[in-house]
$ cat protein.txt   # compact mmCIF, C-alpha atoms and all ligand atoms
# COMPACT_ATOMS: atom_id res chain seq x y z
CA MET A 1415 -3.05 25.70 6.07
CA PRO A 1416 -4.37 25.51 9.67
CA ASP A 1417 -3.22 22.49 11.62
CA THR A 1418 -6.17 20.16 11.54
CA SER A 1419 -4.12 17.06 12.27
CA THR A 1420 -5.78 16.67 15.63
CA THR A 1421 -9.35 16.98 14.44
CA ARG A 1422 -9.34 15.02 11.19
CA LYS A 1423 -9.46 11.24 11.08
CA ARG A 1424 -6.07 9.75 10.49
CA VAL A 1425 -5.42 7.51 7.50
CA LEU A 1426 -2.35 5.35 6.97
CA SER A 1427 -1.36 3.10 4.12
CA GLY A 1428 1.77 1.75 2.51
CA MET A 1429 2.98 0.40 -0.79
CA ARG A 1430 5.95 -1.86 -1.40
CA ALA A 1431 8.88 -0.30 -3.20
CA THR A 1432 8.65 -2.27 -6.41
CA GLY A 1433 9.63 0.43 -8.89
CA LYS A 1434 7.41 2.06 -11.47
CA LEU A 1435 3.69 1.74 -10.86
CA HIS A 1436 1.19 0.42 -13.39
CA LEU A 1437 -2.50 0.95 -14.14
CA GLY A 1438 -3.47 -1.78 -11.64
CA ASN A 1439 -1.62 -0.01 -8.80
CA TYR A 1440 -3.35 3.24 -9.72
CA VAL A 1441 -6.90 1.94 -9.99
CA GLY A 1442 -6.63 -0.40 -7.01
CA ALA A 1443 -4.94 1.88 -4.51
CA LEU A 1444 -3.38 5.15 -5.52
CA GLU A 1445 -6.51 6.67 -7.02
CA ASN A 1446 -8.30 6.02 -3.75
CA TRP A 1447 -5.45 7.51 -1.72
CA VAL A 1448 -5.64 10.69 -3.79
CA ARG A 1449 -9.40 10.80 -3.32
CA MET A 1450 -9.08 10.47 0.46
CA GLN A 1451 -6.43 13.18 0.49
CA ASN A 1452 -8.49 15.59 -1.59
CA SER A 1453 -11.71 15.10 0.35
CA GLY A 1454 -10.05 17.19 3.07
CA GLU A 1455 -11.61 14.96 5.73
CA TYR A 1456 -8.50 12.99 6.53
CA ASP A 1457 -4.98 13.47 7.82
CA CYS A 1458 -3.19 11.05 5.49
CA TYR A 1459 0.11 9.24 6.02
CA TYR A 1460 1.36 7.31 3.01
CA PHE A 1461 4.66 5.48 3.02
CA ILE A 1462 6.88 3.36 0.83
CA ALA A 1463 7.50 -0.01 2.41
CA ASP A 1464 11.11 -0.52 1.34
CA TRP A 1465 11.87 -2.97 4.14
CA HIS A 1466 8.86 -5.01 3.03
CA ALA A 1467 10.30 -5.13 -0.48
CA LEU A 1468 13.36 -6.82 1.01
CA THR A 1469 11.32 -9.71 2.39
CA THR A 1470 11.23 -11.19 -1.11
CA ASP A 1471 14.06 -9.28 -2.82
CA TYR A 1472 16.76 -9.48 -0.21
CA ALA A 1473 19.41 -10.99 -2.45
CA ASP A 1474 19.99 -7.88 -4.52
CA THR A 1475 19.24 -4.55 -2.90
CA ARG A 1476 20.87 -2.26 -5.43
CA GLU A 1477 17.58 -0.97 -6.82
CA VAL A 1478 15.75 -0.34 -3.56
CA LYS A 1479 16.46 3.37 -3.24
CA ARG A 1480 15.86 4.05 -6.91
CA ASN A 1481 12.56 2.19 -6.65
CA SER A 1482 11.44 4.32 -3.72
CA LEU A 1483 12.16 7.40 -5.77
CA GLU A 1484 10.25 6.06 -8.78
CA VAL A 1485 7.23 5.16 -6.65
CA THR A 1486 7.22 8.61 -5.10
CA MET A 1487 7.35 10.29 -8.50
CA ASP A 1488 4.37 8.21 -9.57
CA TRP A 1489 2.53 9.25 -6.41
CA LEU A 1490 3.19 12.91 -7.08
CA ALA A 1491 2.24 12.44 -10.73
CA ALA A 1492 -1.04 10.85 -9.66
CA GLY A 1493 -1.85 13.82 -7.44
CA LEU A 1494 -0.59 13.03 -3.96
CA ASP A 1495 0.44 16.38 -2.57
CA PRO A 1496 3.10 16.80 0.13
CA ALA A 1497 1.30 19.94 1.31
CA LYS A 1498 -1.73 17.83 2.16
CA SER A 1499 -0.39 14.35 2.96
CA THR A 1500 2.63 13.06 4.84
CA LEU A 1501 4.72 11.03 2.37
CA PHE A 1502 7.72 9.09 3.62
CA VAL A 1503 9.92 6.02 3.35
CA GLN A 1504 9.53 3.31 5.98
CA SER A 1505 13.28 2.79 6.52
CA HIS A 1506 13.74 6.51 7.25
CA VAL A 1507 11.63 6.14 10.38
CA LYS A 1508 13.59 3.70 12.54
CA GLN A 1509 10.77 3.39 15.06
CA HIS A 1510 9.15 0.94 12.62
CA ALA A 1511 12.09 -1.42 13.22
CA GLU A 1512 12.02 -1.02 16.99
CA LEU A 1513 8.32 -1.72 17.28
CA TYR A 1514 8.67 -4.64 14.87
CA LEU A 1515 11.23 -6.16 17.23
CA MET A 1516 9.00 -5.77 20.26
CA LEU A 1517 5.92 -7.13 18.52
CA SER A 1518 7.91 -10.07 17.19
CA MET A 1519 8.46 -11.16 20.81
CA ILE A 1520 4.75 -11.56 21.48
CA THR A 1521 3.50 -12.88 18.13
CA PRO A 1522 2.90 -16.65 18.14
CA LEU A 1523 4.41 -18.47 15.16
CA GLY A 1524 1.09 -20.17 14.51
CA TRP A 1525 -0.58 -16.85 13.71
CA LEU A 1526 2.03 -16.15 11.05
CA GLU A 1527 2.00 -19.61 9.52
CA ARG A 1528 -1.72 -19.46 8.92
CA VAL A 1529 -1.76 -16.11 7.09
CA PRO A 1530 -3.04 -17.11 3.62
CA THR A 1531 -0.58 -14.92 1.69
CA TYR A 1532 2.32 -16.71 3.37
CA LYS A 1533 1.65 -20.13 1.84
CA GLU A 1534 0.46 -18.66 -1.45
CA GLN A 1535 3.59 -16.59 -1.99
CA MET A 1536 5.83 -19.49 -0.96
CA GLU A 1537 4.22 -21.54 -3.71
CA ASN A 1538 4.04 -18.81 -6.34
CA LEU A 1539 7.42 -17.13 -6.05
CA THR A 1540 9.36 -20.22 -6.91
CA GLY A 1541 12.63 -18.64 -8.08
CA LYS A 1542 13.28 -17.36 -4.54
CA ASP A 1543 14.13 -18.99 -1.26
CA LEU A 1544 11.52 -17.61 1.09
CA HIS A 1545 12.41 -19.75 4.09
CA THR A 1546 13.61 -16.69 5.94
CA HIS A 1547 12.75 -15.11 9.26
CA GLY A 1548 11.99 -11.82 7.49
CA PHE A 1549 9.48 -13.31 5.10
CA LEU A 1550 7.55 -15.13 7.82
CA GLY A 1551 7.60 -11.93 9.86
CA TYR A 1552 6.13 -9.79 7.06
CA PRO A 1553 2.80 -9.28 8.88
CA VAL A 1554 4.56 -8.33 12.11
CA LEU A 1555 6.43 -5.55 10.34
CA GLN A 1556 3.17 -4.45 8.75
CA SER A 1557 1.52 -4.43 12.18
CA ALA A 1558 4.31 -2.21 13.48
CA ASP A 1559 3.83 0.15 10.50
CA ILE A 1560 0.19 0.51 11.39
CA LEU A 1561 0.21 0.54 15.17
CA LEU A 1562 2.87 3.25 15.32
CA TYR A 1563 0.29 5.69 14.01
CA ALA A 1564 -2.81 4.32 15.73
CA LYS A 1565 -2.16 5.79 19.12
CA ASP A 1566 -2.87 9.50 18.89
CA ALA A 1567 -5.48 9.34 16.18
CA VAL A 1568 -8.81 10.90 17.17
CA THR A 1569 -10.80 7.88 15.98
CA PRO A 1570 -9.61 4.38 15.14
CA LEU A 1571 -6.85 4.65 12.55
CA LEU A 1572 -8.22 4.03 9.06
CA VAL A 1573 -6.16 1.74 6.83
CA PRO A 1574 -7.29 1.65 3.19
CA VAL A 1575 -6.11 -1.58 1.54
CA GLY A 1576 -7.16 -4.12 -1.07
CA GLU A 1577 -8.86 -7.41 -0.23
CA ASP A 1578 -5.52 -9.23 -0.32
CA GLN A 1579 -4.36 -7.31 2.75
CA ALA A 1580 -7.38 -8.03 4.94
CA ALA A 1581 -5.66 -10.94 6.72
CA HIS A 1582 -2.70 -8.71 7.58
CA LEU A 1583 -5.03 -6.17 9.15
CA GLU A 1584 -6.72 -8.90 11.15
CA ILE A 1585 -3.41 -10.07 12.57
CA THR A 1586 -2.56 -6.43 13.37
CA ARG A 1587 -5.68 -6.18 15.53
CA GLU A 1588 -4.82 -9.49 17.23
CA ILE A 1589 -1.30 -8.29 17.99
CA ALA A 1590 -2.67 -4.99 19.34
CA ARG A 1591 -5.01 -6.83 21.68
CA ARG A 1592 -2.26 -9.14 22.85
CA PHE A 1593 0.09 -6.23 23.51
CA ASN A 1594 -2.55 -4.37 25.51
CA TYR A 1595 -3.42 -7.50 27.44
CA LEU A 1596 0.20 -8.28 28.34
CA PHE A 1597 1.53 -4.83 29.09
CA CYS A 1598 -1.30 -2.47 29.86
CA TYR A 1599 -3.86 -4.16 32.04
CA ASN A 1600 -1.57 -5.22 34.83
CA GLU A 1601 -0.90 -4.34 38.44
CA ASP A 1602 1.51 -1.47 37.69
CA PHE A 1603 -1.09 0.06 35.55
CA ALA A 1604 -3.87 -0.34 38.11
CA THR A 1605 -1.78 1.24 40.87
CA GLY A 1606 -0.91 4.21 38.74
CA LEU A 1607 2.79 3.46 38.50
CA MET A 1608 2.53 3.85 34.79
CA THR A 1609 2.48 7.60 34.61
CA GLY A 1610 2.71 8.23 30.90
CA SER A 1611 -0.12 8.41 28.44
CA VAL A 1612 -1.05 4.76 28.59
CA SER A 1613 -4.81 5.00 28.88
CA TYR A 1614 -7.50 2.47 29.60
CA ASP A 1615 -7.65 1.75 25.88
CA GLY A 1616 -4.19 0.27 26.26
CA VAL A 1617 -1.34 1.59 24.17
CA PHE A 1618 -2.89 0.46 20.93
CA PRO A 1619 -6.44 1.20 19.85
CA GLU A 1620 -7.42 -1.27 17.14
CA PRO A 1621 -7.10 0.06 13.60
CA GLN A 1622 -9.96 -0.16 11.13
CA THR A 1623 -9.68 -1.70 7.66
CA ILE A 1624 -11.14 0.30 4.81
CA LEU A 1625 -11.51 -2.19 1.97
CA THR A 1626 -10.90 -0.45 -1.33
CA PRO A 1627 -13.20 -1.86 -3.96
CA SER A 1628 -11.20 -2.21 -7.14
CA PRO A 1629 -12.37 -3.23 -10.58
CA ARG A 1630 -10.51 -6.01 -12.36
CA VAL A 1631 -7.53 -4.57 -14.22
CA PRO A 1632 -6.25 -7.21 -16.64
CA GLY A 1633 -2.80 -7.02 -18.19
CA THR A 1634 -2.13 -7.57 -21.87
CA ASP A 1635 -2.20 -11.37 -21.44
CA GLY A 1636 -5.60 -11.28 -19.75
CA ARG A 1637 -4.27 -12.20 -16.29
CA LYS A 1638 -4.37 -9.69 -13.44
CA MET A 1639 -1.98 -6.84 -14.22
CA SER A 1640 1.27 -7.40 -12.39
CA LYS A 1641 4.83 -6.26 -12.88
CA SER A 1642 6.13 -9.80 -12.40
CA TYR A 1643 3.91 -11.20 -15.16
CA GLY A 1644 5.38 -8.80 -17.73
CA ASN A 1645 1.85 -7.79 -18.80
CA ALA A 1646 1.72 -4.31 -17.28
CA ILE A 1647 1.10 -0.86 -18.70
CA PHE A 1648 3.07 1.62 -16.61
CA LEU A 1649 1.97 5.11 -15.64
CA THR A 1650 5.12 6.32 -17.41
CA ASP A 1651 4.52 4.48 -20.71
CA SER A 1652 4.53 6.77 -23.74
CA GLU A 1653 1.59 6.91 -26.11
CA VAL A 1654 3.46 4.67 -28.56
CA GLU A 1655 4.21 2.12 -25.85
CA VAL A 1656 0.61 2.09 -24.64
CA ARG A 1657 -0.71 1.58 -28.16
CA THR A 1658 1.84 -1.11 -29.00
CA LYS A 1659 1.14 -3.05 -25.81
CA LEU A 1660 -2.62 -2.86 -26.23
CA LYS A 1661 -2.46 -3.92 -29.88
CA THR A 1662 -1.24 -7.36 -28.78
CA MET A 1663 -3.70 -7.71 -25.90
CA VAL A 1664 -5.67 -10.96 -25.85
CA THR A 1665 -9.37 -10.76 -26.76
CA ASP A 1666 -12.44 -13.02 -26.76
CA PRO A 1667 -10.92 -16.26 -28.12
CA ALA A 1668 -14.10 -16.92 -30.12
CA ARG A 1669 -13.36 -13.94 -32.39
CA ILE A 1670 -10.79 -15.48 -34.66
CA ARG A 1671 -11.72 -13.73 -37.90
CA ARG A 1672 -12.89 -10.17 -38.26
CA THR A 1673 -16.33 -11.49 -39.28
CA ASP A 1674 -16.79 -13.64 -36.14
CA PRO A 1675 -19.09 -11.99 -33.60
CA GLY A 1676 -17.66 -11.73 -30.07
CA ASP A 1677 -18.80 -11.37 -26.49
CA PRO A 1678 -17.30 -8.48 -24.52
CA GLU A 1679 -17.97 -10.31 -21.25
CA LYS A 1680 -15.37 -12.89 -22.34
CA CYS A 1681 -12.81 -10.27 -23.34
CA PRO A 1682 -10.25 -8.60 -21.04
CA VAL A 1683 -10.18 -5.52 -23.30
CA TRP A 1684 -13.76 -4.91 -22.19
CA ASP A 1685 -12.62 -4.71 -18.56
CA LEU A 1686 -10.39 -1.83 -19.59
CA HIS A 1687 -13.25 -0.14 -21.47
CA LYS A 1688 -15.24 -0.23 -18.24
CA ILE A 1689 -12.53 1.89 -16.65
CA TYR A 1690 -11.29 4.10 -19.47
CA SER A 1691 -14.19 4.63 -21.90
CA SER A 1692 -17.33 6.78 -21.82
CA ALA A 1693 -20.80 5.22 -21.69
CA GLU A 1694 -21.34 6.05 -25.38
CA ARG A 1695 -18.10 4.41 -26.40
CA ARG A 1696 -18.92 1.34 -24.34
CA ALA A 1697 -22.33 1.05 -26.01
CA GLU A 1698 -20.61 1.24 -29.38
CA VAL A 1699 -18.17 -1.51 -28.39
CA ASN A 1700 -20.86 -3.75 -26.99
CA GLU A 1701 -22.98 -3.51 -30.12
CA GLY A 1702 -20.07 -3.62 -32.57
CA CYS A 1703 -18.41 -6.62 -30.95
CA ARG A 1704 -21.56 -8.74 -30.79
CA THR A 1705 -22.47 -8.03 -34.43
CA ALA A 1706 -18.91 -8.10 -35.79
CA GLY A 1707 -19.50 -4.49 -36.77
CA ILE A 1708 -16.11 -3.41 -35.42
CA GLY A 1709 -12.73 -5.14 -35.45
CA CYS A 1710 -10.64 -5.86 -32.38
CA ILE A 1711 -7.83 -3.61 -33.60
CA GLN A 1712 -10.20 -0.66 -33.72
CA CYS A 1713 -11.69 -1.58 -30.36
CA LYS A 1714 -8.26 -1.72 -28.75
CA GLY A 1715 -7.37 1.60 -30.35
CA TRP A 1716 -10.35 3.15 -28.57
CA VAL A 1717 -9.27 1.77 -25.23
CA ALA A 1718 -5.77 3.11 -25.89
CA ASP A 1719 -7.29 6.58 -26.46
CA GLY A 1720 -8.80 6.43 -22.98
CA VAL A 1721 -5.63 5.20 -21.31
CA VAL A 1722 -3.44 7.77 -23.06
CA ALA A 1723 -5.81 10.59 -22.07
CA THR A 1724 -5.68 9.52 -18.41
CA LEU A 1725 -1.91 9.23 -18.35
CA ALA A 1726 -1.11 12.50 -20.15
CA PRO A 1727 -1.69 14.90 -17.23
CA MET A 1728 0.13 12.56 -14.85
CA GLN A 1729 3.15 12.38 -17.11
CA GLU A 1730 3.22 16.13 -17.45
CA ARG A 1731 3.31 16.52 -13.66
CA ARG A 1732 5.92 13.78 -13.40
CA SER A 1733 8.31 15.42 -15.85
CA GLU A 1734 8.83 18.37 -13.50
CA TYR A 1735 9.91 16.04 -10.71
CA MET A 1736 12.03 13.89 -12.99
CA ASN A 1737 14.11 16.95 -13.76
CA ASN A 1738 14.60 17.52 -10.09
CA PRO A 1739 14.78 14.22 -8.16
CA ARG A 1740 16.44 15.94 -5.22
CA LEU A 1741 13.21 17.82 -4.62
CA VAL A 1742 11.42 14.48 -4.42
CA TRP A 1743 13.92 13.19 -1.87
CA ASP A 1744 13.44 16.38 0.19
CA ILE A 1745 9.70 15.80 0.19
CA LEU A 1746 10.32 12.32 1.62
CA GLU A 1747 12.71 13.68 4.23
CA ASN A 1748 10.18 16.27 5.39
CA GLY A 1749 7.54 13.56 5.53
CA ALA A 1750 9.84 11.33 7.57
CA SER A 1751 10.47 14.03 10.17
CA LYS A 1752 6.77 14.50 10.64
CA ALA A 1753 6.09 10.76 10.78
CA ARG A 1754 8.97 10.30 13.23
CA LYS A 1755 7.31 12.62 15.74
CA ALA A 1756 4.10 10.63 15.79
CA ALA A 1757 6.00 7.33 15.80
CA GLU A 1758 8.38 8.39 18.57
CA HIS A 1759 5.52 9.42 20.81
CA THR A 1760 4.01 5.98 20.41
CA MET A 1761 7.36 4.36 21.13
CA GLU A 1762 7.74 6.31 24.38
CA CYS A 1763 4.52 4.71 25.58
CA VAL A 1764 5.51 1.29 24.27
CA ARG A 1765 8.89 1.40 26.00
CA GLU A 1766 7.35 2.52 29.24
CA ALA A 1767 4.67 -0.16 29.13
CA MET A 1768 7.36 -2.80 28.57
CA HIS A 1769 9.76 -1.29 31.14
CA LEU A 1770 12.30 -0.68 28.41
CA ASP A 1771 12.53 3.08 28.68
CA ALA A 1772 15.89 4.43 29.82
CA SER A 1773 14.75 5.90 33.13
CA PHE A 1774 16.47 4.73 36.32
CA PRO A 1775 14.88 1.50 37.60
CA GLU A 1776 12.45 2.02 40.47
CA PRO A 1777 13.48 0.27 43.70
CA PRO A 1778 11.35 -2.80 44.49
CA LYS A 1779 8.08 -1.90 46.24
CA SER A 1780 8.15 -2.72 49.98
CA GLU A 1781 5.36 -5.02 51.09
N1 LIG A 1801 1.68 -5.30 2.53
C1 LIG A 1801 1.21 -4.17 1.79
C2 LIG A 1801 1.09 -4.56 0.30
O1 LIG A 1801 1.76 -5.46 -0.15
C3 LIG A 1801 2.09 -2.96 1.93
C4 LIG A 1801 2.14 -2.47 3.35
C5 LIG A 1801 3.20 -2.56 4.19
C6 LIG A 1801 1.07 -1.82 4.05
N2 LIG A 1801 2.88 -1.99 5.39
C7 LIG A 1801 1.60 -1.54 5.33
C8 LIG A 1801 -0.23 -1.47 3.71
C9 LIG A 1801 0.82 -0.91 6.31
C10 LIG A 1801 -1.02 -0.85 4.70
C11 LIG A 1801 -0.49 -0.56 5.97
O2 LIG A 1801 0.34 -3.92 -0.40
FE1 LIG A 1802 -12.79 -7.68 -27.21
FE2 LIG A 1802 -13.34 -5.40 -28.44
FE3 LIG A 1802 -12.57 -7.56 -29.84
FE4 LIG A 1802 -14.94 -7.50 -28.71
S1 LIG A 1802 -14.23 -6.16 -30.33
S2 LIG A 1802 -13.49 -9.20 -28.64
S3 LIG A 1802 -14.54 -6.33 -26.82
S4 LIG A 1802 -11.35 -6.42 -28.36

$ encode --input "protein.txt" --output "C-alpha cells"
Amino acid sequence: MPDTSTTRKRVLSGMRATGKLHLGNYVGALENWVRMQNSGEYDCYYFIADWHALTTDYADTREVKRNSLEVTMDWLAAGLDPAKSTLFVQSHVKQHAELYLMLSMITPLGWLERVPTYKEQMENLTGKDLHTHGFLGYPVLQSADILLYAKDAVTPLLVPVGEDQAAHLEITREIARRFNYLFCYNEDFATGLMTGSVSYDGVFPEPQTILTPSPRVPGTDGRKMSKSYGNAIFLTDSEVEVRTKLKTMVTDPARIRRTDPGDPEKCPVWDLHKIYSSAERRAEVNEGCRTAGIGCIQCKGWVADGVVATLAPMQERRSEYMNNPRLVWDILENGASKARKAAEHTMECVREAMHLDASFPEPPKSE
C-alpha cells in the first residue's frame, strides 16, 4: 500500500480495556471505526486505554493485559485491519504518560471538578473509592492521548466518540489552548529562539469531535446495555447463549398474556429489531404485536436470528486469532512502534516549548 499517511485526514479514538465487547460497544463505536477505516479516506489510530481502565479498577490489575487482548480480538473480529489502521495499547506508548504529566501541571482543578462524568461516576460506582488523583485526572490523560496525535495531522485531528465523551473533548481543546498560550506565544517564540517545528498554530492544533450517532441498544433487562449491569450480549456469545439471553428479555409490560395486544414502542425488544431485522420482518412484528397475532417468544426468536447472523462472521474471524494470541500481541506491538514515532515527534516539540528538552541550557541573553 502506498504511504498516504500524510495526505489522508487523521482519526484517533480509544476504548477502555474492559474485556469482551458487547453489542452496545459494536453499534455505538466499533462499527463506526470499521466504517471510517474502510472508507479509505482516513489514517486511523485506534488504541486500548488500559491506563484509563485503572482509574476505576486500580485495586486489582490482574486482568488488565488479558482484557486488552480480548478487546483487540473483538476489534479484529469486527473488521479492524492492522494493514489499514494503527492498533495499539496506550501503556505501550510511554509518551502518553509524559504528556499527561505536563498537561496535569497546567490544568486547573476547577475544570476537572465540573466535568459531568466525574460527579456521575462518583455517585454511580458506589462499590469503589474514587477519591483518587487518577480518577479526577481522567480527562487530562484523555487529552494527552488525543493531543499527542494532533500535531502532524494534515487537518484538525478527528476524534469519533459517543455523546458521553463530548465534555472530555471540550476540556481537551481548552487544555490545548492553554498550553499554546503559556508556552508558544511568548518572547522566545517571537524572537525565533524556538527553532523546532513549533509553528504559529502553537504546538497543539485543536482536535475536532466527530459525534457518532448511535441507536439505543438495550440489554436484556431493558436498561442500556452495559457489562456492569449484567444485561449484555457479547460479540463472542454462542448461538445458544444469544437465544437463551434473549428469551428472558423484558417486553412491553402491558402484554401479560399471549392474547394481550402490545405496543412495540414500549418494548426494548423492538429497539433490537430496529438494528437487526429487515424492513419486512419489522412490519410483521409491528402488526403482529399490536394485534396479538404473534407471541413474544416468537418475536424474540426473530431478533435472535438477526443477532446470530451478524455475529457468525465475526466469530469465525475471531477463532483464527484465538488460536494464535501471540499474533494479536505482535499486531499491537507493531502498532505501538508506529504510534510511538508520531507521539515522540510531538513530545520533542512539547519538551522544547517547555524548556525540558535535554539540550545544554543557553546562556542568559545579554541586554
Ligand atoms: N474515555 C473514553 C471512553 O470511556 C476512552 C478514551 C480514552 C478515549 N482516551 C481516549 C476516546 C481518547 C477518544 C480519544 O470511551
Ligand atoms: Fe415486544 Fe415483540 Fe412482545 Fe411486541 S411481540 S411486546 S415487540 S417482544

$ closest_residue --input "protein.txt" --among "A:Cys1458, A:Ile1708, A:Leu1562, A:Val1721" --to "ligand LIG 1802 (chain A)" --atoms "all atoms listed in the file"
A:Ile1708

$ residues_near_ligand --input "protein.txt" --ligand "ligand LIG 1802 (chain A)" --cutoff "10 Å" --atoms "only C-alpha atoms and all ligand atoms" --output "number ranges by chain"
A: 1660-1661, 1663-1670, 1672, 1674-1687, 1696, 1698-1717

$ residues_near_ligand --input "protein.txt" --ligand "ligand LIG 1801 (chain A)" --cutoff "6 Å" --atoms "all atoms listed in the file" --output "list in words"
Ser1427, Gly1428, Met1429, Arg1430, Ala1463, Gln1556, Asp1559 and Ile1560 of chain A

$ atom_distance --input "protein.txt" --atom1 "atom CA of A:Glu1655" --atom2 "atom CA of A:Asn1737"
21.5 Å

$ residues_around --input "protein.txt" --residues "A:Trp1743" --least-positions-apart "6" --cutoff "12 Å" --atoms "only C-alpha atoms" --output "JSON, numbers by chain"
{"A": [1479, 1480, 1482, 1483, 1484, 1485, 1486, 1487, 1490, 1496, 1501, 1502, 1503, 1506, 1735, 1736, 1749, 1750]}

$ write_last_selection --input "protein.txt" --atoms "C-alpha atoms" --output "short mmCIF file (atom, residue, chain, number, x, y, z; two decimals), in the coordinates of the input"
data_model
loop_
_atom_site.label_atom_id
_atom_site.label_comp_id
_atom_site.auth_asym_id
_atom_site.auth_seq_id
_atom_site.Cartn_x
_atom_site.Cartn_y
_atom_site.Cartn_z
CA LYS A 1479 16.46 3.37 -3.24
CA ARG A 1480 15.86 4.05 -6.91
CA SER A 1482 11.44 4.32 -3.72
CA LEU A 1483 12.16 7.40 -5.77
CA GLU A 1484 10.25 6.06 -8.78
CA VAL A 1485 7.23 5.16 -6.65
CA THR A 1486 7.22 8.61 -5.10
CA MET A 1487 7.35 10.29 -8.50
CA LEU A 1490 3.19 12.91 -7.08
CA PRO A 1496 3.10 16.80 0.13
CA LEU A 1501 4.72 11.03 2.37
CA PHE A 1502 7.72 9.09 3.62
CA VAL A 1503 9.92 6.02 3.35
CA HIS A 1506 13.74 6.51 7.25
CA TYR A 1735 9.91 16.04 -10.71
CA MET A 1736 12.03 13.89 -12.99
CA GLY A 1749 7.54 13.56 5.53
CA ALA A 1750 9.84 11.33 7.57
#

$ closest_residue --input "protein.txt" --among "A:Leu1746, A:Gly1438, A:Val1478, A:Arg1754" --to "A:Asn1645" --atoms "all atoms listed in the file"
A:Gly1438

$ residues_around --input "protein.txt" --residues "stretch 1519-1522 of chain A" --least-positions-apart "2" --cutoff "8 Å" --atoms "only C-alpha atoms" --output "mmCIF file with C-alpha atoms, keeping the file's coordinate frame"
data_model
loop_
_atom_site.group_PDB
_atom_site.id
_atom_site.type_symbol
_atom_site.label_atom_id
_atom_site.label_comp_id
_atom_site.auth_asym_id
_atom_site.auth_seq_id
_atom_site.Cartn_x
_atom_site.Cartn_y
_atom_site.Cartn_z
ATOM 1 C CA LEU A 1515 11.230 -6.160 17.230
ATOM 2 C CA MET A 1516 9.000 -5.770 20.260
ATOM 3 C CA LEU A 1517 5.920 -7.130 18.520
ATOM 4 C CA GLY A 1524 1.090 -20.170 14.510
ATOM 5 C CA TRP A 1525 -0.580 -16.850 13.710
ATOM 6 C CA LEU A 1526 2.030 -16.150 11.050
ATOM 7 C CA VAL A 1554 4.560 -8.330 12.110
ATOM 8 C CA ILE A 1589 -1.300 -8.290 17.990
ATOM 9 C CA ARG A 1592 -2.260 -9.140 22.850
ATOM 10 C CA PHE A 1593 0.090 -6.230 23.510
#

$ closest_residue --input "protein.txt" --among "A:Lys1688, A:Leu1725, A:Val1617, A:Thr1623" --to "A:Thr1586" --atoms "only C-alpha atoms"
A:Thr1623

$ residues_near_point --input "protein.txt" --point "(1.7, 6.2, -25.7)" --cutoff "10 Å" --atoms "all atoms listed in the file" --output "count of residues only"
18

$ closest_residue --input "protein.txt" --among "A:Pro1627, A:Ser1557, A:Ala1497, A:Ala1431" --to "A:Thr1475" --atoms "only C-alpha atoms"
A:Ala1431

$ closest_residue --input "protein.txt" --among "A:Ile1462, A:Leu1583, A:Ala1473, A:Leu1435" --to "A:Thr1500" --atoms "all atoms listed in the file"
A:Ile1462

$ build_atoms --input "protein.txt" --residues "stretch 1583-1595 of chain A" --atoms "N, CA and C atoms" --output "PDB file, in the frame of the given file"
ATOM      1  N   LEU A1583      -4.390  -7.112   8.225  1.00  0.00           N
ATOM      2  CA  LEU A1583      -5.030  -6.170   9.150  1.00  0.00           C
ATOM      3  C   LEU A1583      -5.638  -6.909  10.344  1.00  0.00           C
ATOM      4  N   GLU A1584      -6.136  -8.102  10.076  1.00  0.00           N
ATOM      5  CA  GLU A1584      -6.720  -8.900  11.150  1.00  0.00           C
ATOM      6  C   GLU A1584      -5.643  -9.274  12.162  1.00  0.00           C
ATOM      7  N   ILE A1585      -4.502  -9.679  11.664  1.00  0.00           N
ATOM      8  CA  ILE A1585      -3.410 -10.070  12.570  1.00  0.00           C
ATOM      9  C   ILE A1585      -2.917  -8.829  13.331  1.00  0.00           C
ATOM     10  N   THR A1586      -2.960  -7.676  12.699  1.00  0.00           N
ATOM     11  CA  THR A1586      -2.560  -6.430  13.370  1.00  0.00           C
ATOM     12  C   THR A1586      -3.456  -6.177  14.584  1.00  0.00           C
ATOM     13  N   ARG A1587      -4.761  -6.383  14.391  1.00  0.00           N
ATOM     14  CA  ARG A1587      -5.680  -6.180  15.530  1.00  0.00           C
ATOM     15  C   ARG A1587      -5.418  -7.213  16.623  1.00  0.00           C
ATOM     16  N   GLU A1588      -5.110  -8.448  16.229  1.00  0.00           N
ATOM     17  CA  GLU A1588      -4.820  -9.490  17.230  1.00  0.00           C
ATOM     18  C   GLU A1588      -3.559  -9.140  18.027  1.00  0.00           C
ATOM     19  N   ILE A1589      -2.553  -8.657  17.314  1.00  0.00           N
ATOM     20  CA  ILE A1589      -1.300  -8.290  17.990  1.00  0.00           C
ATOM     21  C   ILE A1589      -1.540  -7.103  18.930  1.00  0.00           C
ATOM     22  N   ALA A1590      -2.352  -6.149  18.495  1.00  0.00           N
ATOM     23  CA  ALA A1590      -2.670  -4.990  19.340  1.00  0.00           C
ATOM     24  C   ALA A1590      -3.343  -5.442  20.635  1.00  0.00           C
ATOM     25  N   ARG A1591      -4.296  -6.330  20.492  1.00  0.00           N
ATOM     26  CA  ARG A1591      -5.010  -6.830  21.680  1.00  0.00           C
ATOM     27  C   ARG A1591      -4.056  -7.573  22.620  1.00  0.00           C
ATOM     28  N   ARG A1592      -3.197  -8.360  22.037  1.00  0.00           N
ATOM     29  CA  ARG A1592      -2.260  -9.140  22.850  1.00  0.00           C
ATOM     30  C   ARG A1592      -1.286  -8.205  23.578  1.00  0.00           C
ATOM     31  N   PHE A1593      -0.813  -7.184  22.885  1.00  0.00           N
ATOM     32  CA  PHE A1593       0.090  -6.230  23.510  1.00  0.00           C
ATOM     33  C   PHE A1593      -0.608  -5.544  24.693  1.00  0.00           C
ATOM     34  N   ASN A1594      -1.807  -5.060  24.456  1.00  0.00           N
ATOM     35  CA  ASN A1594      -2.550  -4.370  25.510  1.00  0.00           C
ATOM     36  C   ASN A1594      -2.790  -5.289  26.706  1.00  0.00           C
ATOM     37  N   TYR A1595      -3.135  -6.531  26.398  1.00  0.00           N
ATOM     38  CA  TYR A1595      -3.420  -7.500  27.440  1.00  0.00           C
ATOM     39  C   TYR A1595      -2.175  -7.770  28.294  1.00  0.00           C
TER      40      TYR A1595
END
